[in-house]
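Everything below concerns the one structure shown next.
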Amino acid sequence: MAAAGAKETTVDLVLEVNNIEVVYNKVVQVLRGLSLAVPRGRIVALLGSNGAGKSTTLKAISGLLPLEDGELQAGEIRLHGQDTARLAPQQLVHRGLGHVMEGRRVFEDLTVEENLVAATYALAGRAAAPRDFDAVYGYFPRLHERRKGLAGYLSGGEQQMLAIGRALVGEPTLMLLDEPSLGLAPQLVEEIFTIIARINAERGVSMLLVEQNASIALAVAHSGYIMENGKIVIDGSAERLAADPDVREFYLGLGGGDQARSFRGLKHYKRRKRWLS
Ligand SMILES: Nc1ncnc2c1ncn2[C@@H]1O[C@H](COP(=O)(O)OP(=O)(O)OP(=O)(O)O)[C@@H](O)[C@H]1O
Ligand SMILES: [Mg+2]
């Protein structure tokens with residue numbers, strides 16, 4: 001069945017990562033034959049414990065490894081069917097990739113709006129570089145209210161919104177999100193994930209979502225992968241992973257019931273959107 005459907009499947013995959021191996025500083029092997037795929041229009045969660053190699057996977061996809069003395073030593077990376085394994089970050093932005101890095105990297109000494117303007121510099125030469133930021137402010141009205149304030153004075157949640165907003169400026173077709181929930185209060189986590197789900201549903205942006213908060217990631221994702229020690233160990237639909245006894249024990253915790261309940265709204269939103277599309 002896989003062979004017969006292979007051609008069709010390739011067309012529908014925004015991102016294909018096949019058997020990649022990544023080594024830092026020429027000696028430390030971090031990814032050991034990792035493979036994953038993101039179908040068009042889907043949110044795919046990439047889960048795993050500290051040091052599993054989640055951020056390294058995203059950096060390999062967005063061309064950031066050379067900046068950290070990391071090297072892609074084997075394997076393939078395809079974005080929209082084209083080999084992008086050796087492209088520079090800026091070339092990847094032009095091809096529709098947006099990477100929201102771990103730890104909300106914003107320019108603290110620039111205002112909110114200047115941060116968004118700075119994000120357009122990477123788009124120089126692209127015909128559709130936006131002149132206003134209505135789409136970003138539409139999703140994050142709080143950024144509009146604070147647009148003249150320094151990014152360094154924003155709360156953690158607002159900085160995360162700005163980091164997502166900066167990626168949105170590039171009108172990405174694929175967004176890589178690295179732990180958007182990190183260090184945020186539960187209510188804010190839910191707010192940010194609701195917006196992530198909206199960006200996916202309303203703009204059709206495919207997403208690879210790295211999270212340690214497996215509950216919320218599986219609440220918004222369509223499918224997911226679990227990685228350990230540089231490779232994928234389990235994959236499946238979000239529903240299947242959320243019901244998997246190993247996933248429940250190791251990633252959701254035995255007390256996961258309460259958390260799952262509090263994200264019912266998000267699940268509802270996701271289902272509703274599925275019916276509409
Ligand atoms: N620039 C680097 N140079 C050397 N080793 C690195 C570098 N970046 C990451 N590593 C190592 O690679 C391994 C995977 O790191 P990575 O940041 O990809 O993990 P992660 O799954 O994102 O973890 P976390 O959940 O803590 O963010 C770790 O052992 C880490 O120490
Ligand atoms: Mg990480």
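Ligands are numbered from 1 in the order shown, residues from 1 within each chain, and chains are lettered A, B, ... in the order they appear in the structure tokens.
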For ligand 1, return the neighbouring residues as an MDAnalysis selection string (distance at most 6 Å; only C-alpha atoms and all ligand atoms).
chainID A and resid 24 30 49:56 68
What are the closest atom pairs, with distances in Å to one decimal, for each residue of chain A lying within 12 Å of ligand 2, using only C-alpha atoms and all ligand atoms, rows by chain and rising residue number, as CSV?
residue,atom,partner,partner_atom_place_in_ligand_line,distance
A:Leu46,CA,ligand 2,1 (Mg),10.7
A:Leu47,CA,ligand 2,1 (Mg),10.1
A:Gly48,CA,ligand 2,1 (Mg),9.4
A:Ser49,CA,ligand 2,1 (Mg),9.0
A:Asn50,CA,ligand 2,1 (Mg),7.0
A:Gly51,CA,ligand 2,1 (Mg),6.9
A:Ala52,CA,ligand 2,1 (Mg),8.2
A:Gly53,CA,ligand 2,1 (Mg),6.9
A:Lys54,CA,ligand 2,1 (Mg),5.4
A:Ser55,CA,ligand 2,1 (Mg),4.1
A:Thr56,CA,ligand 2,1 (Mg),7.2
A:Thr57,CA,ligand 2,1 (Mg),9.1
A:Leu58,CA,ligand 2,1 (Mg),8.9
A:Lys59,CA,ligand 2,1 (Mg),9.9
A:Val100,CA,ligand 2,1 (Mg),11.7
A:Met101,CA,ligand 2,1 (Mg),8.8
A:Glu102,CA,ligand 2,1 (Mg),6.4
A:Gly103,CA,ligand 2,1 (Mg),9.1
A:Leu177,CA,ligand 2,1 (Mg),10.4
A:Asp178,CA,ligand 2,1 (Mg),6.7
A:Glu179,CA,ligand 2,1 (Mg),7.3
A:Pro180,CA,ligand 2,1 (Mg),10.8
A:Ser181,CA,ligand 2,1 (Mg),12.0
A:Leu182,CA,ligand 2,1 (Mg),10.0
A:Leu209,CA,ligand 2,1 (Mg),11.3
A:Val210,CA,ligand 2,1 (Mg),7.8
A:Glu211,CA,ligand 2,1 (Mg),8.4
A:Gln212,CA,ligand 2,1 (Mg),8.9
Could you take the residues named above and write them with C-alpha atoms, as a CSV table (one decimal), in the first residue's frame?
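Writing the result to selection_37.csv gives the following:
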chain,number,residue,atom,x,y,z
A,46,LEU,CA,7.1,16.5,18.3
A,47,LEU,CA,7.3,15.5,22.0
A,48,GLY,CA,10.1,14.1,24.1
A,49,SER,CA,12.1,14.7,27.3
A,50,ASN,CA,14.9,17.2,27.9
A,51,GLY,CA,17.8,16.7,25.7
A,52,ALA,CA,16.1,14.3,23.3
A,53,GLY,CA,17.0,16.4,20.3
A,54,LYS,CA,13.8,18.3,19.6
A,55,SER,CA,15.3,21.8,19.2
A,56,THR,CA,18.2,20.2,17.2
A,57,THR,CA,15.6,18.7,14.8
A,58,LEU,CA,14.0,22.1,14.2
A,59,LYS,CA,17.4,23.8,13.8
A,100,VAL,CA,9.8,30.4,16.4
A,101,MET,CA,12.7,29.6,18.5
A,102,GLU,CA,12.8,28.3,22.1
A,103,GLY,CA,12.9,31.1,24.7
A,177,LEU,CA,7.3,26.2,17.0
A,178,ASP,CA,9.7,25.4,19.8
A,179,GLU,CA,8.0,25.1,23.2
A,180,PRO,CA,5.6,28.0,23.0
A,181,SER,CA,4.3,27.1,26.5
A,182,LEU,CA,7.7,27.3,28.2
A,209,LEU,CA,5.1,21.9,17.3
A,210,VAL,CA,7.8,20.9,19.8
A,211,GLU,CA,6.5,20.7,23.3
A,212,GLN,CA,7.2,19.3,26.7
DSSP-assigned strand (DSSP E or B) among range 181-240 of chain A, expressed as a list in words
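Secondary structure check on range 181-240 of chain A, strand (DSSP E or B): Ser206, Met207, Leu208, Leu209, Val210, Glu211, Ser223, Gly224, Tyr225, Ile226, Met227, Glu228, Lys231, Ile232, Val233, Ile234, Asp235, Gly236 and Ser237 of chain A.
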Set the distance at 10 Å and use only C-alpha atoms: which residues neighbour Asp132 in chain A once local chain neighbours fewer than 3 positions away are removed? I'd like the list as a PyMOL selection string.
chain A and resi 113+116-117+129+135-137+169
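Look at Ala37 in chain A: the protein and nucleic acid residues within 10 Å of it, using only C-alpha atoms and passing over chain neighbours fewer than 4 places away, are A:Thr10, A:Leu13, A:Val14, A:Leu15, A:Glu16, A:Val17, A:Asn18, A:Val44, A:Ile77, A:Arg78, A:Leu79, A:Leu208, A:Gly224, A:Tyr225.
A straight line drawn from CA of Ala85 in chain A to CA of Arg105 in chain A is 23.7 Å long.
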Would you give me, as number ranges by chain, the residues in range 80-249 of chain A that DSSP reads as alpha helix (DSSP H)?
A: 89-94, 112-121, 134-139, 141-145, 156-169, 186-203, 214-220, 238-243, 245-247
Closest atom pairs, range 165-227 of chain A residues within 8 Å of range 89-96 of chain A, only C-alpha atoms, as JSON lines:
{"residue": "A:Gly170", "atom": "CA", "partner": "A:Val93", "partner_atom": "CA", "distance": 7.0}
{"residue": "A:Glu171", "atom": "CA", "partner": "A:Gly96", "partner_atom": "CA", "distance": 6.8}
{"residue": "A:Pro172", "atom": "CA", "partner": "A:Gly96", "partner_atom": "CA", "distance": 4.3}
{"residue": "A:Thr173", "atom": "CA", "partner": "A:Gly96", "partner_atom": "CA", "distance": 5.0}
{"residue": "A:Leu174", "atom": "CA", "partner": "A:Gly96", "partner_atom": "CA", "distance": 6.3}
Mind dumping the selected residues with all heavy atoms as a PDB file, in the first residue's frame?
ATOM      1  N   GLY A 170       6.451  36.722   7.819  1.00  0.00           N
ATOM      2  CA  GLY A 170       6.976  36.087   6.610  1.00  0.00           C
ATOM      3  C   GLY A 170       5.943  35.288   5.840  1.00  0.00           C
ATOM      4  O   GLY A 170       6.274  34.645   4.856  1.00  0.00           O
ATOM      5  N   GLU A 171       4.684  35.343   6.294  1.00  0.00           N
ATOM      6  CA  GLU A 171       3.598  34.579   5.666  1.00  0.00           C
ATOM      7  C   GLU A 171       4.030  33.141   5.390  1.00  0.00           C
ATOM      8  O   GLU A 171       4.040  32.672   4.247  1.00  0.00           O
ATOM      9  CB  GLU A 171       3.120  35.278   4.392  1.00  0.00           C
ATOM     10  CG  GLU A 171       2.567  36.652   4.720  1.00  0.00           C
ATOM     11  CD  GLU A 171       1.988  37.385   3.528  1.00  0.00           C
ATOM     12  OE1 GLU A 171       2.210  36.953   2.383  1.00  0.00           O
ATOM     13  OE2 GLU A 171       1.296  38.386   3.765  1.00  0.00           O
ATOM     14  N   PRO A 172       4.401  32.423   6.459  1.00  0.00           N
ATOM     15  CA  PRO A 172       4.942  31.079   6.271  1.00  0.00           C
ATOM     16  C   PRO A 172       3.869  30.074   5.857  1.00  0.00           C
ATOM     17  O   PRO A 172       2.697  30.245   6.180  1.00  0.00           O
ATOM     18  CB  PRO A 172       5.468  30.719   7.669  1.00  0.00           C
ATOM     19  CG  PRO A 172       4.608  31.512   8.604  1.00  0.00           C
ATOM     20  CD  PRO A 172       4.293  32.800   7.878  1.00  0.00           C
ATOM     21  N   THR A 173       4.328  29.050   5.136  1.00  0.00           N
ATOM     22  CA  THR A 173       3.448  27.914   4.861  1.00  0.00           C
ATOM     23  C   THR A 173       3.711  26.796   5.869  1.00  0.00           C
ATOM     24  O   THR A 173       2.862  25.946   6.087  1.00  0.00           O
ATOM     25  CB  THR A 173       3.681  27.379   3.435  1.00  0.00           C
ATOM     26  OG1 THR A 173       5.094  27.218   3.243  1.00  0.00           O
ATOM     27  CG2 THR A 173       3.132  28.333   2.400  1.00  0.00           C
ATOM     28  N   LEU A 174       4.907  26.826   6.469  1.00  0.00           N
ATOM     29  CA  LEU A 174       5.245  25.871   7.530  1.00  0.00           C
ATOM     30  C   LEU A 174       5.861  26.637   8.695  1.00  0.00           C
ATOM     31  O   LEU A 174       6.816  27.386   8.515  1.00  0.00           O
ATOM     32  CB  LEU A 174       6.257  24.830   7.028  1.00  0.00           C
ATOM     33  CG  LEU A 174       6.773  23.865   8.103  1.00  0.00           C
ATOM     34  CD1 LEU A 174       5.664  22.945   8.619  1.00  0.00           C
ATOM     35  CD2 LEU A 174       7.941  23.020   7.575  1.00  0.00           C
TER      36      LEU A 174
END
